[in-house]
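What follows is a set of notes on a single structure, which appears directly below.
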Protein chains: 2
Amino acid sequence: MDFKRCDQTVAWTALQGHFEAHGRDFDLREQFARDPQRFAQFTLAAPEVFADLSKNRWDVATRRLLTELARECGLEARRDAMFAGEPINTTEGRAVLHTALRAPRGQGLFSDEVHGVLDRMLAFADSVRDIAASGIRHVVNIGIGGSDLGPQMVVPALDAYAHPGITLHFVSNVDGHDITPVLRRLQPSETLFIIASKTFTTQETMANAAVARDWFLAHGGDEAAIASHFVGATTNLAAAAAFGIHTTFGFWDWVGGRYSLWSAIGLPIAIAIGSDHFRALLAGAHAMDQHFATTPLHDNLPVQLGLLDVWYRNFHRFTSRSVAPYHQGLKRLPAYLQQLEMESNGKQVDLAGERLPIGSSPVVWGEPGTNGQHAYFQMLHQGTDVIPVEFIAVKHPTHPHTGLQAKALANCLAQSQALMLGKTTEAALAERAPTASATLGKLTLARHRTFPGNRPSTTLLLERLTPSALGALIALYEHRVFTSGVLWGINSFDQWGVELGKALASELLPRLSDPARLGDGSGLDASTAGLLAWLTAGAA
Amino acid sequence: MDFKRCDQTVAWTALQGHFEAHGRDFDLREQFARDPQRFAQFTLAAPEVFADLSKNRWDVATRRLLTELARECGLEARRDAMFAGEPINTTEGRAVLHTALRAPRGQGLFSDEVHGVLDRMLAFADSVRDIAASGIRHVVNIGIGGSDLGPQMVVPALDAYAHPGITLHFVSNVDGHDITPVLRRLQPSETLFIIASKTFTTQETMANAAVARDWFLAHGGDEAAIASHFVGATTNLAAAAAFGIHTTFGFWDWVGGRYSLWSAIGLPIAIAIGSDHFRALLAGAHAMDQHFATTPLHDNLPVQLGLLDVWYRNFHRFTSRSVAPYHQGLKRLPAYLQQLEMESNGKQVDLAGERLPIGSSPVVWGEPGTNGQHAYFQMLHQGTDVIPVEFIAVKHPTHPHTGLQAKALANCLAQSQALMLGKTTEAALAERAPTASATLGKLTLARHRTFPGNRPSTTLLLERLTPSALGALIALYEHRVFTSGVLWGINSFDQWGVELGKALASELLPRLSDPARLGDGSGLDASTAGLLAWLTAGAA
């Protein structure tokens, strides 16, 4: 595939000059003082999401050059190729069509297949939600990575829309301390297990599925009942049938794991919120797809966010970004974004296999605000590194506590304000000093209460955290990651980096489980052999 | 307070030379090949924790110089000053005595006070655990930051020890979507609320406590019953009494929030696991305290971990560290460590108020293994930045699924092995190439399947995740953070960086809640004013 990596463009060279002249010493406070239009110029409205990008270290020229960079890297053509179903996942020879999963009936590629499975899956979800008939009160999703993080993130986010009589549980880790406390609280007769694994071979998922099956049979379920208490989100019908599963919902090789909550992997979501709300989730994502596909780059929100990511990573050399959703329902969004962004763009070779000379994905991390304020925000304000922060706030809550809502929003706004404004030592000196050690001088104390400011942030606002708004928000992140991936010349849709560990784990497993090889360190490095010996000591 | 910052020492200069000569190009694989003693030399046994530090980018000389650096910075004297109750939290004029909270009766400072409250709190916890008598089935801890993260992390970690008839809930966020779904499932008669706030003024905690109180009264509880369904972990007896709370457990100004789970803030833990197990948690931490206080620096585990942190942060310039506990019960350990480490050392002035010329706290982040493997580990293996990883594994599970346990451990060992060993392009070429795009050459595909290796990690092993082992592990982290804080010349015990945001939030709140000032953007920067206008539009 033809591509142009960002560091090999004319715009890149221009940006380097621009950074030296106007980027390195950029001061947000000066820019706001100088330009009364700054807020208007650097806000963007996309479907369901209003974005304030004005508290970032860029100006009109930076944005123009970055947009030119995107054009020179052929972002538009690559985007169009994705929507058109070309095999842009070159290392796996696959198309990338999660956008087709949310296209209205008759509009996207593979529409018949997509809507066929979707209709069947939603009908099944609604039948489970008829709890008087189904008898189901607990749904356990067994899946990992892309078969876990999407549903695990969306279900609490849309708690206000959830069926009050059904509790969702998520089991992912092969560590048995994950499934054990979940099963302890359940009864087979009122439990539905979803085994989510495209190939029905994922080690963790199969191991947990076997434990669930054993538990089911040991607690009064019988073999025949497995078919009505276990379903599969999988394409391996033979393996599922051998397990006892006859209800399956499939998907396609053009659905990547971390882009799969829109497919049959979304079944736990559909059971929680029902078919209409699930369709609204898809519709919200589709609206963002349209925005991404058709809006000029300069006003295209996922594009502009992706460009800022490149600017921060490669020019300012910021190595991480903190995400702070001021909505407790979004508590798993950072974990979801870690997979979406770091698995997509955490790579060091470009499409041609050449080593990247520049940084790619940053670390993405965070906790909901206001919780983070009482934990690591100290470092965001006064640490030695600059870490851009992304605030997400929702105007209308789904709860009636208006006092709490006002406080949450005030805190959200105050944090981005504080990061930008900072506080000078002079201002700290002028304040009444806190009661503290008599041994410290006033100036020393004031220096501890000084904030450098000029710390950048983005704020994303939603009217309400509806299924539609959440769908749009997730699609926004998907396309933003696509954008930076294209600029870096990366294949954002493979994950070769997970293979080596898998292979080595298979090789190590008998040394931890086969009585004949327990603790056998032959052929291993001394550290791995030593750890193995420690873990198997006395077990022979 | 006299102190010597690490960058102003003789050892620092020596380390700079050593880094240029032997650090920058350090190759772990070569070192293991060269030195058969490397594992033995770089493992350390501390109470309850066995640590393998051999897969890190250091050699005997690095460690000797770093240990000399610690000595030159006066680490031992500062440590002894902490244990002795000297006011080492200079900016607040306070002692730092969380270690006194876990000293055996009669041994630590303030032993009578400490054990007086502890005895009373544990007797209360055990009375709640007598559920036939107490009627309590649900305990809701309302607290934030240090009054939340410790209990929220420890309770699931010690799930195997928890009372099966009592469910713990944690409400922290001022966002009302936190408390709302919790209350929906509860009945006043079987619920106990713990209001955890030293001052009984923390904004989030007081707002949520008021909601809980209103809910209690609206759902059949009466004013008189508040005294038996609400208790306080607080020192503000008057404010608690005004709320209707008469059972309170206090603590002292020498207990920092992020070091407070050992105090009355640990009440939810004590209710979950009971008094004997809570005392074991304290005893494990005390054993680590003794190790830290008395073991020579060269073999002192928290010291050596802290020194590696400095080496990585200031010489290798790594900006984050990923924590991967291969135990699902430790799922909140990364969030706990974010506060412990980033709030303690995320600072840019030293004790004298001088601006630090070097980096301080890194970003700490992670998810449990094996989940992370299916999310962001792609980037750890093949990303452009080196990110040291800290693995934590437990030999004996509390569940009976030995097959799962072997798989969890095999994965943990395989990941550190893969990070170190990597895979050359030649090795990838020699493998059977995966089925993939016909348009990519074999060499290009092999480059995508290449791993640089030489990526460092530490592995911490525990025999069992008992209360005692968990206590030791947490204390290990506390003292490690102390160590790097001393070297950086930081006061690790204040948090001035949280004050500005708090003040600005108070100033903004009326603009979001007072009908007379709704949306009033006067005096604000254009971005904050614009966001405020968006959030209040149509609400007047």
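Ordering of the structure tokens sets the chain letters (A, B, ...), residue numbers begin anew at 1 in every chain, and ligands are numbered from 1 in the order given.
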
- Message: Among stretch 190-417 of chain B, which residues does DSSP mark as helix (DSSP H, G or I) when it is run on the backbone? Keep the chain and numbering as in the structure and answer as a ChimeraX atom specification.
- Response: /B:190,203-218,223-229,237-243,257-259,264-294,297-299,301-315,328-330,333-345,371-374,377-382,402-417

List every residue of stretch 455-537 of chain A that has an atom at most 9 Å from any atom of stretch 343-349 of chain A, giving for each one its closest atom pair and the distance in Å to one decimal, counting only C-alpha atoms, sorted by chain and then by ascending residue number, as a tab-separated table.
residue	atom	partner	partner_atom	distance
A:Val481	CA	A:Ser344	CA	7.4
A:Phe482	CA	A:Ser344	CA	8.3
A:Ser484	CA	A:Asn345	CA	8.0
A:Gly485	CA	A:Asn345	CA	5.9
A:Trp488	CA	A:Asn345	CA	8.5
A:Gly489	CA	A:Val349	CA	8.3
A:Ile490	CA	A:Asn345	CA	6.8
A:Asn491	CA	A:Ser344	CA	7.6
A:Ser492	CA	A:Ser344	CA	4.3
A:Phe493	CA	A:Ser344	CA	5.8
A:Asp494	CA	A:Ser344	CA	7.1
A:Gln495	CA	A:Glu343	CA	6.5
A:Gly497	CA	A:Lys347	CA	8.1

- Item | Selection: 12 Å around stretch 129-134 of chain A, only C-alpha atoms, excl. self and same-chain fewer than 6 positions, as a PyMOL selection string | chain A and resi 122-123+162-168+189-192+228-229+267-275

- Message: Excluding A:Leu429 and its own-chain neighbours fewer than 3 positions away, which residues fall within 8 Å of it when counting only C-alpha atoms? Please give them as a ChimeraX atom specification.
- Response: /A:425-426,432-433,442-443,446

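Secondary structure of stretch 237-474 of chain B, strand (DSSP E) only (DSSP, backbone atoms): Thr248, Phe249, Ser320, Arg321, Ser322, Val323, Ala324, Pro325, Val363, Val364, Trp365, Val389, Glu390, Phe391, Ile392, Ala393, Val394, Lys395, His396, Ser457, Thr458, Thr459, Leu460, Leu461, Leu462, Glu463 and Arg464 of chain B.
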
- Item | Atomic distance atom CA of A:Val117 - atom CA of A:Leu281, expressed in Å with one decimal | 16.3 Å

- Message: What's the separation between atom CA of A:Pro188 and atom CA of A:Leu217, in Å to one decimal place?
- Response: 8.3 Å

- Message: Let me make sure I understand: among A:Ser172, A:Ser416, A:Gln187, A:Thr528, which one has the smallest atom-to-atom distance to A:Ala393 if we use only C-alpha atoms?
- Response: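 Of A:Ser172, A:Ser416, A:Gln187, A:Thr528, the one nearest A:Ala393 is A:Ser416, counting only C-alpha atoms.
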